[in-house]
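Here's structure34.cif, which has mmCIF, C-alpha atoms:
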data_query
#
loop_
_atom_site.label_atom_id
_atom_site.label_comp_id
_atom_site.auth_asym_id
_atom_site.auth_seq_id
_atom_site.Cartn_x
_atom_site.Cartn_y
_atom_site.Cartn_z
CA GLU A 1280 46.16 -31.54 6.21
CA PRO A 1281 44.64 -35.01 6.68
CA PRO A 1282 40.96 -35.45 5.77
CA LYS A 1283 38.50 -34.96 8.61
CA THR A 1284 36.68 -38.03 9.83
CA GLY A 1285 33.94 -38.89 12.26
CA ILE A 1286 31.79 -36.09 13.69
CA MET A 1287 34.02 -33.36 12.27
CA ALA A 1288 33.69 -34.65 8.69
CA THR A 1289 31.70 -32.32 6.49
CA LEU A 1290 30.21 -33.13 3.16
CA PRO A 1291 30.96 -30.70 0.38
CA VAL A 1292 28.04 -28.41 -0.29
CA PRO A 1293 27.07 -28.84 -3.93
CA THR A 1294 26.89 -25.71 -6.04
CA ALA A 1295 23.57 -24.53 -7.39
CA GLN A 1296 24.67 -25.60 -10.86
CA ALA A 1297 25.48 -29.13 -9.66
CA LEU A 1298 22.14 -29.32 -7.87
CA TRP A 1299 20.28 -28.20 -11.00
CA GLN A 1300 22.07 -30.81 -13.11
CA ARG A 1301 21.17 -33.51 -10.60
CA TYR A 1302 17.57 -32.23 -10.36
CA HIS A 1303 17.10 -32.35 -14.14
CA GLN A 1304 18.53 -35.88 -14.27
CA ARG A 1305 16.34 -37.17 -11.48
CA ALA A 1306 13.94 -34.88 -9.66
CA ASP A 1307 14.32 -36.60 -6.30
CA LEU A 1308 13.21 -35.15 -2.98
CA PRO A 1309 16.69 -34.69 -1.43
CA THR A 1310 17.86 -32.68 -4.45
CA GLU A 1311 14.66 -30.63 -4.45
CA ASN A 1312 15.11 -29.92 -0.73
CA ALA A 1313 18.74 -28.91 -1.30
CA LEU A 1314 17.66 -26.48 -4.04
CA VAL A 1315 14.95 -25.03 -1.79
CA GLU A 1316 17.55 -24.48 0.94
CA GLN A 1317 19.87 -22.85 -1.59
CA TYR A 1318 17.19 -20.30 -2.53
CA LEU A 1319 15.67 -19.61 0.92
CA PRO A 1320 17.54 -16.29 1.14
CA LEU A 1321 15.64 -15.21 -2.01
CA VAL A 1322 12.31 -15.75 -0.21
CA ALA A 1323 13.53 -13.83 2.84
CA SER A 1324 14.80 -10.98 0.65
CA ILE A 1325 11.49 -10.64 -1.20
CA LEU A 1326 9.57 -10.74 2.09
CA GLY A 1327 11.86 -8.07 3.55
CA ARG A 1328 11.18 -5.70 0.67
CA LEU A 1329 7.44 -6.37 0.69
CA ALA A 1330 7.17 -6.10 4.49
CA MET A 1331 8.40 -2.49 4.43
CA THR A 1332 5.13 -1.46 2.76
CA LEU A 1333 2.75 -3.52 4.88
CA PRO A 1334 0.85 -2.68 8.07
CA GLU A 1335 2.04 -4.31 11.29
CA HIS A 1336 -0.92 -6.68 11.61
CA VAL A 1337 0.05 -8.66 8.49
CA SER A 1338 1.65 -11.98 9.46
CA HIS A 1339 5.17 -12.27 8.06
CA ASP A 1340 5.10 -16.00 8.80
CA ASP A 1341 2.07 -16.48 6.54
CA LEU A 1342 3.75 -14.52 3.76
CA TYR A 1343 6.99 -16.47 4.19
CA SER A 1344 5.04 -19.74 3.94
CA ALA A 1345 3.34 -18.51 0.78
CA GLY A 1346 6.74 -17.52 -0.58
CA LEU A 1347 8.07 -21.03 0.11
CA VAL A 1348 5.14 -22.50 -1.81
CA GLY A 1349 5.92 -20.09 -4.67
CA LEU A 1350 9.58 -21.14 -4.58
CA LEU A 1351 8.66 -24.82 -4.71
CA GLN A 1352 6.29 -24.21 -7.64
CA ALA A 1353 9.03 -22.24 -9.38
CA LEU A 1354 11.48 -25.11 -8.89
CA ARG A 1355 9.06 -27.63 -10.30
CA ASN A 1356 7.96 -25.49 -13.26
CA TYR A 1357 11.25 -23.83 -14.24
CA ASP A 1358 12.38 -24.43 -17.79
CA PRO A 1359 16.09 -23.62 -18.18
CA THR A 1360 15.69 -23.40 -21.95
CA CYS A 1361 13.39 -20.36 -21.65
CA GLY A 1362 16.36 -18.01 -21.40
CA SER A 1363 15.82 -16.37 -18.02
CA SER A 1364 17.76 -17.31 -14.91
CA PHE A 1365 16.06 -19.30 -12.19
CA GLU A 1366 16.48 -16.37 -9.78
CA THR A 1367 14.57 -14.07 -12.12
CA TYR A 1368 11.82 -16.63 -12.66
CA ALA A 1369 11.61 -17.54 -8.96
CA ARG A 1370 11.54 -13.90 -7.86
CA VAL A 1371 8.38 -13.31 -9.91
CA ARG A 1372 6.74 -16.53 -8.69
CA VAL A 1373 7.63 -16.01 -5.00
CA ARG A 1374 6.49 -12.37 -4.98
CA GLY A 1375 3.29 -13.37 -6.82
CA ALA A 1376 2.57 -16.07 -4.24
CA MET A 1377 3.05 -13.54 -1.43
CA LEU A 1378 0.77 -11.01 -3.14
CA ASP A 1379 -1.86 -13.71 -3.67
CA GLU A 1380 -1.67 -14.49 0.05
CA LEU A 1381 -2.13 -10.80 0.88
CA ARG A 1382 -5.21 -10.68 -1.36
CA HIS A 1383 -6.51 -13.81 0.32
CA MET A 1384 -6.03 -12.22 3.78
CA ASP A 1385 -7.83 -9.05 2.72
CA TRP A 1386 -11.56 -9.53 3.15
CA VAL A 1387 -12.37 -5.93 2.26
CA PRO A 1388 -13.81 -5.40 -1.24
CA ARG A 1389 -11.76 -3.41 -3.74
CA SER A 1390 -14.51 -0.76 -4.02
CA ILE A 1391 -14.05 0.05 -0.32
CA HIS A 1392 -10.30 0.45 -0.84
CA GLU A 1393 -11.00 2.85 -3.72
CA LYS A 1394 -13.35 4.95 -1.57
CA ALA A 1395 -10.76 5.07 1.23
CA ARG A 1396 -8.10 6.23 -1.24
CA LYS A 1397 -10.42 8.96 -2.52
CA ILE A 1398 -11.05 10.21 1.03
CA GLN A 1399 -7.32 10.20 1.77
CA ASP A 1400 -6.56 12.07 -1.47
CA VAL A 1401 -9.19 14.76 -0.77
CA MET A 1402 -7.97 15.05 2.82
CA ALA A 1403 -4.35 15.48 1.71
CA ARG A 1404 -5.34 18.10 -0.85
CA LEU A 1405 -7.39 20.07 1.71
CA GLU A 1406 -4.67 19.82 4.37
CA GLN A 1407 -2.22 21.33 1.93
CA LYS A 1408 -4.64 24.08 0.92
CA LEU A 1409 -5.79 24.91 4.47
CA GLY A 1410 -2.52 24.27 6.29
CA ARG A 1411 -4.39 22.15 8.84
CA THR A 1412 -6.61 19.10 9.06
CA PRO A 1413 -9.99 19.80 7.43
CA THR A 1414 -13.23 19.49 9.38
CA GLU A 1415 -15.78 16.85 8.45
CA ALA A 1416 -17.98 19.59 6.97
CA GLN A 1417 -15.11 20.73 4.74
CA MET A 1418 -14.40 17.15 3.71
CA ALA A 1419 -18.06 16.52 2.88
CA GLN A 1420 -18.24 19.70 0.82
CA ALA A 1421 -15.02 18.89 -1.06
CA MET A 1422 -16.34 15.42 -1.86
CA GLY A 1423 -19.74 16.74 -2.97
CA VAL A 1424 -21.75 14.88 -0.33
CA SER A 1425 -23.77 15.85 2.74
CA GLU A 1426 -22.23 15.53 6.21
CA PRO A 1427 -24.40 12.48 7.06
CA GLN A 1428 -23.36 10.88 3.75
CA TYR A 1429 -19.71 11.60 4.54
CA ALA A 1430 -20.14 10.00 7.99
CA GLU A 1431 -21.65 6.90 6.31
CA LEU A 1432 -18.73 6.82 3.89
CA LEU A 1433 -16.27 6.94 6.80
CA ASP A 1434 -18.10 4.05 8.48
CA ALA A 1435 -17.99 2.03 5.26
CA VAL A 1436 -14.25 2.48 4.71
CA ARG A 1437 -13.17 2.17 8.34
CA PRO A 1438 -12.28 -1.56 8.07
CA ALA A 1439 -10.08 -0.86 5.05
CA THR A 1440 -8.09 2.03 6.40
CA PHE A 1441 -4.68 1.40 7.84
CA VAL A 1442 -4.36 5.05 8.80
CA CYS A 1443 -7.29 5.90 10.99
CA LEU A 1444 -9.24 8.64 9.27
CA ASP A 1445 -10.96 9.59 12.52
CA SER A 1446 -7.70 10.47 14.24
CA ALA A 1447 -6.75 12.51 11.20
CA ASN A 1448 -10.01 14.42 11.67
CA GLY A 1449 -9.27 15.13 15.31
CA SER A 1450 -11.68 12.62 16.88
CA PRO A 1451 -9.52 10.40 19.11
CA ASP A 1452 -12.25 7.97 20.15
CA GLY A 1453 -13.10 6.68 16.64
#

Can the structure in the file be given as structure tokens, please?
Amino acid sequence: EPPKTGIMATLPVPTAQALWQRYHQRADLPTENALVEQYLPLVASILGRLAMTLPEHVSHDDLYSAGLVGLLQALRNYDPTCGSSFETYARVRVRGAMLDELRHMDWVPRSIHEKARKIQDVMARLEQKLGRTPTEAQMAQAMGVSEPQYAELLDAVRPATFVCLDSANGSPDG
């Protein structure tokens, strides 16, 4: 078959190995861009796995952007003599960049998250024991606090909870 010319001509797509060789010889922008394009599916794959565990309000676009930054940093900092493959190294860096972005998005202090987890744990334990959703009085008693203190605790953790604790307690209006 004769070689294609004009608009139908296609340049051969260099392999990842060829791109890496060229990148280590001269770290030019076109080669760096070609490597980024080669590993974009890695970013999408990591985002897909992470997104399964996230609430709906988290922006996938922001996480994808953070993952791209992580990929670029991985490209620029990768040392092939270290023994691990680039994919392994990049996977850690991309996921780390996405997790850093999630932490940056989360304005709720860690102590509030811990309190919310404790409430959810006590609630789950009581639901299993009682066979129904516990009342606020039962929750307060199980947590060793007064009902007004439990109500204050609920108000404090409300911004941090992805599962609305009020609806779990039977109060639909929050």

Self-check item: Best match for closeness to Asp1341 of chain A among A:Gln1417, A:Glu1406, A:Pro1359, A:Ala1376, counting all atoms listed in the file
Solution: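 Nearest to Asp1341 of chain A: A:Ala1376.
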
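In this comparison, which uses only C-alpha atoms, the residue of A:Val1322, A:Ala1395, A:Val1371, A:Ala1403 approaching Leu1433 of chain A most closely is A:Ala1395.
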
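Taking atom CA of Ile1398 of chain A and atom CA of Asp1379 of chain A as the two end points, the separation is 26.1 Å.
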
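As for atom CA of Ala1369 of chain A and atom CA of Gln1317 of chain A, they are spaced 12.3 Å apart.
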
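Among the candidates A:Thr1294, A:Thr1360, A:Ser1338, A:Thr1332, the residue lying nearest to Glu1316 of chain A is A:Thr1294 (atoms considered: only C-alpha atoms).
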
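Between Pro1413 of chain A and the candidates A:Ser1390, A:Gln1352, A:Gln1428, A:Gln1399, the tightest atom-to-atom separation, counting all atoms listed in the file, involves A:Gln1399.
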